[in-house]
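A.B. asks: Handing you this structure, nothing more for now.
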Amino acid sequence: MSSDKNTTKARLEGIFHDVFGDESIQLVETMTAEDVDGWDSLQHIRLLLAIENEFSIRFAIGEGTSLRNVGELIEKIDALQGQ
């Protein structure tokens with residue numbers, strides 16, 4: 001994993017800790033909503049909003065729900081920051 005991806009992952013992990021109230025969450029690229037207790041549709045919206053605020057990006061409508069795992073989320077964040 002590149003240093004940019006590592007930085008994004010570390011920042012994203014902090015967001016997960018805040019949104020889900022669980023400091024023990026350790027992100028892996030294959031992680032999905034099924035792997036995190038309490039990751040339902042409402043928490044997903046809260047997560048996306050927190051990500052947008054932290055990274056100063058905006059997801060297009062439907063973009064945040066089409067991602068299959070944390071690895072794709074990291075790639076999308078990095079791509080949006082590069083625009």
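Residues in the structure tokens are numbered from 1 in each chain, the chains being A, B, ... in the order shown, and ligands are numbered from 1 in the order shown.
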Any chance you could list, as an MDAnalysis selection string, the residues in stretch 17-80 of chain A that come up alpha helix (DSSP H) when DSSP is run on the backbone?
C.D. replies: chainID A and resid 17:20 41:55 70:80
A.B. asks: Dump N, CA and C atoms for the selected residues as a PDB file, in the first residue's frame?
C.D. replies:
```pdb
ATOM      1  N   HIS A  17     -13.901   5.115  13.876  1.00  0.00           N
ATOM      2  CA  HIS A  17     -13.943   5.102  15.346  1.00  0.00           C
ATOM      3  C   HIS A  17     -14.995   6.078  15.859  1.00  0.00           C
ATOM      4  N   ASP A  18     -15.019   7.278  15.288  1.00  0.00           N
ATOM      5  CA  ASP A  18     -15.974   8.300  15.729  1.00  0.00           C
ATOM      6  C   ASP A  18     -17.416   7.929  15.377  1.00  0.00           C
ATOM      7  N   VAL A  19     -17.642   7.543  14.133  1.00  0.00           N
ATOM      8  CA  VAL A  19     -19.010   7.273  13.665  1.00  0.00           C
ATOM      9  C   VAL A  19     -19.611   6.062  14.372  1.00  0.00           C
ATOM     10  N   PHE A  20     -18.816   5.013  14.557  1.00  0.00           N
ATOM     11  CA  PHE A  20     -19.349   3.786  15.149  1.00  0.00           C
ATOM     12  C   PHE A  20     -19.081   3.679  16.646  1.00  0.00           C
ATOM     13  N   SER A  41     -27.905   1.435   7.162  1.00  0.00           N
ATOM     14  CA  SER A  41     -28.053   2.494   6.153  1.00  0.00           C
ATOM     15  C   SER A  41     -27.896   3.895   6.753  1.00  0.00           C
ATOM     16  N   LEU A  42     -28.398   4.106   7.955  1.00  0.00           N
ATOM     17  CA  LEU A  42     -28.262   5.414   8.595  1.00  0.00           C
ATOM     18  C   LEU A  42     -26.797   5.701   8.942  1.00  0.00           C
ATOM     19  N   GLN A  43     -26.120   4.711   9.499  1.00  0.00           N
ATOM     20  CA  GLN A  43     -24.706   4.892   9.829  1.00  0.00           C
ATOM     21  C   GLN A  43     -23.873   5.085   8.562  1.00  0.00           C
ATOM     22  N   HIS A  44     -24.292   4.464   7.472  1.00  0.00           N
ATOM     23  CA  HIS A  44     -23.573   4.628   6.210  1.00  0.00           C
ATOM     24  C   HIS A  44     -23.636   6.088   5.758  1.00  0.00           C
ATOM     25  N   ILE A  45     -24.798   6.697   5.884  1.00  0.00           N
ATOM     26  CA  ILE A  45     -24.947   8.115   5.520  1.00  0.00           C
ATOM     27  C   ILE A  45     -24.079   8.983   6.432  1.00  0.00           C
ATOM     28  N   ARG A  46     -24.122   8.714   7.722  1.00  0.00           N
ATOM     29  CA  ARG A  46     -23.280   9.463   8.665  1.00  0.00           C
ATOM     30  C   ARG A  46     -21.806   9.299   8.326  1.00  0.00           C
ATOM     31  N   LEU A  47     -21.408   8.077   7.961  1.00  0.00           N
ATOM     32  CA  LEU A  47     -20.028   7.802   7.590  1.00  0.00           C
ATOM     33  C   LEU A  47     -19.625   8.596   6.352  1.00  0.00           C
ATOM     34  N   LEU A  48     -20.463   8.583   5.333  1.00  0.00           N
ATOM     35  CA  LEU A  48     -20.147   9.309   4.101  1.00  0.00           C
ATOM     36  C   LEU A  48     -20.045  10.809   4.349  1.00  0.00           C
ATOM     37  N   LEU A  49     -20.945  11.352   5.155  1.00  0.00           N
ATOM     38  CA  LEU A  49     -20.883  12.784   5.472  1.00  0.00           C
ATOM     39  C   LEU A  49     -19.610  13.129   6.236  1.00  0.00           C
ATOM     40  N   ALA A  50     -19.231  12.283   7.176  1.00  0.00           N
ATOM     41  CA  ALA A  50     -18.004  12.515   7.944  1.00  0.00           C
ATOM     42  C   ALA A  50     -16.779  12.434   7.034  1.00  0.00           C
ATOM     43  N   ILE A  51     -16.792  11.501   6.087  1.00  0.00           N
ATOM     44  CA  ILE A  51     -15.689  11.381   5.135  1.00  0.00           C
ATOM     45  C   ILE A  51     -15.607  12.625   4.262  1.00  0.00           C
ATOM     46  N   GLU A  52     -16.754  13.072   3.760  1.00  0.00           N
ATOM     47  CA  GLU A  52     -16.770  14.283   2.933  1.00  0.00           C
ATOM     48  C   GLU A  52     -16.201  15.473   3.694  1.00  0.00           C
ATOM     49  N   ASN A  53     -16.577  15.618   4.948  1.00  0.00           N
ATOM     50  CA  ASN A  53     -16.082  16.738   5.760  1.00  0.00           C
ATOM     51  C   ASN A  53     -14.589  16.620   6.034  1.00  0.00           C
ATOM     52  N   GLU A  54     -14.132  15.442   6.403  1.00  0.00           N
ATOM     53  CA  GLU A  54     -12.719  15.243   6.741  1.00  0.00           C
ATOM     54  C   GLU A  54     -11.798  15.459   5.544  1.00  0.00           C
ATOM     55  N   PHE A  55     -12.215  14.960   4.382  1.00  0.00           N
ATOM     56  CA  PHE A  55     -11.349  15.002   3.206  1.00  0.00           C
ATOM     57  C   PHE A  55     -11.678  16.142   2.245  1.00  0.00           C
ATOM     58  N   VAL A  70     -13.867  -1.416   1.872  1.00  0.00           N
ATOM     59  CA  VAL A  70     -13.052  -0.290   2.344  1.00  0.00           C
ATOM     60  C   VAL A  70     -11.941   0.041   1.352  1.00  0.00           C
ATOM     61  N   GLY A  71     -11.381  -0.957   0.698  1.00  0.00           N
ATOM     62  CA  GLY A  71     -10.335  -0.707  -0.288  1.00  0.00           C
ATOM     63  C   GLY A  71     -10.834   0.182  -1.420  1.00  0.00           C
ATOM     64  N   GLU A  72     -12.039  -0.103  -1.919  1.00  0.00           N
ATOM     65  CA  GLU A  72     -12.616   0.734  -2.973  1.00  0.00           C
ATOM     66  C   GLU A  72     -12.932   2.132  -2.451  1.00  0.00           C
ATOM     67  N   LEU A  73     -13.338   2.220  -1.189  1.00  0.00           N
ATOM     68  CA  LEU A  73     -13.609   3.522  -0.578  1.00  0.00           C
ATOM     69  C   LEU A  73     -12.326   4.354  -0.516  1.00  0.00           C
ATOM     70  N   ILE A  74     -11.224   3.743  -0.119  1.00  0.00           N
ATOM     71  CA  ILE A  74      -9.940   4.449  -0.066  1.00  0.00           C
ATOM     72  C   ILE A  74      -9.543   4.934  -1.458  1.00  0.00           C
ATOM     73  N   GLU A  75      -9.693   4.073  -2.455  1.00  0.00           N
ATOM     74  CA  GLU A  75      -9.359   4.451  -3.834  1.00  0.00           C
ATOM     75  C   GLU A  75     -10.218   5.614  -4.309  1.00  0.00           C
ATOM     76  N   LYS A  76     -11.514   5.589  -3.984  1.00  0.00           N
ATOM     77  CA  LYS A  76     -12.421   6.664  -4.391  1.00  0.00           C
ATOM     78  C   LYS A  76     -12.041   7.985  -3.712  1.00  0.00           C
ATOM     79  N   ILE A  77     -11.744   7.936  -2.410  1.00  0.00           N
ATOM     80  CA  ILE A  77     -11.328   9.146  -1.691  1.00  0.00           C
ATOM     81  C   ILE A  77     -10.083   9.726  -2.341  1.00  0.00           C
ATOM     82  N   ASP A  78      -9.082   8.872  -2.592  1.00  0.00           N
ATOM     83  CA  ASP A  78      -7.839   9.360  -3.204  1.00  0.00           C
ATOM     84  C   ASP A  78      -8.094   9.934  -4.590  1.00  0.00           C
ATOM     85  N   ALA A  79      -8.977   9.307  -5.369  1.00  0.00           N
ATOM     86  CA  ALA A  79      -9.292   9.811  -6.703  1.00  0.00           C
ATOM     87  C   ALA A  79      -9.989  11.162  -6.624  1.00  0.00           C
ATOM     88  N   LEU A  80     -10.929  11.308  -5.695  1.00  0.00           N
ATOM     89  CA  LEU A  80     -11.651  12.583  -5.563  1.00  0.00           C
ATOM     90  C   LEU A  80     -10.726  13.700  -5.073  1.00  0.00           C
TER      91      LEU A  80
END
```
A.B. asks: What gap, in Å, lies between atom CA of A:Gln26 and atom CA of A:Ile61?
C.D. replies: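 Here the two named atoms are 27.4 Å from each other.
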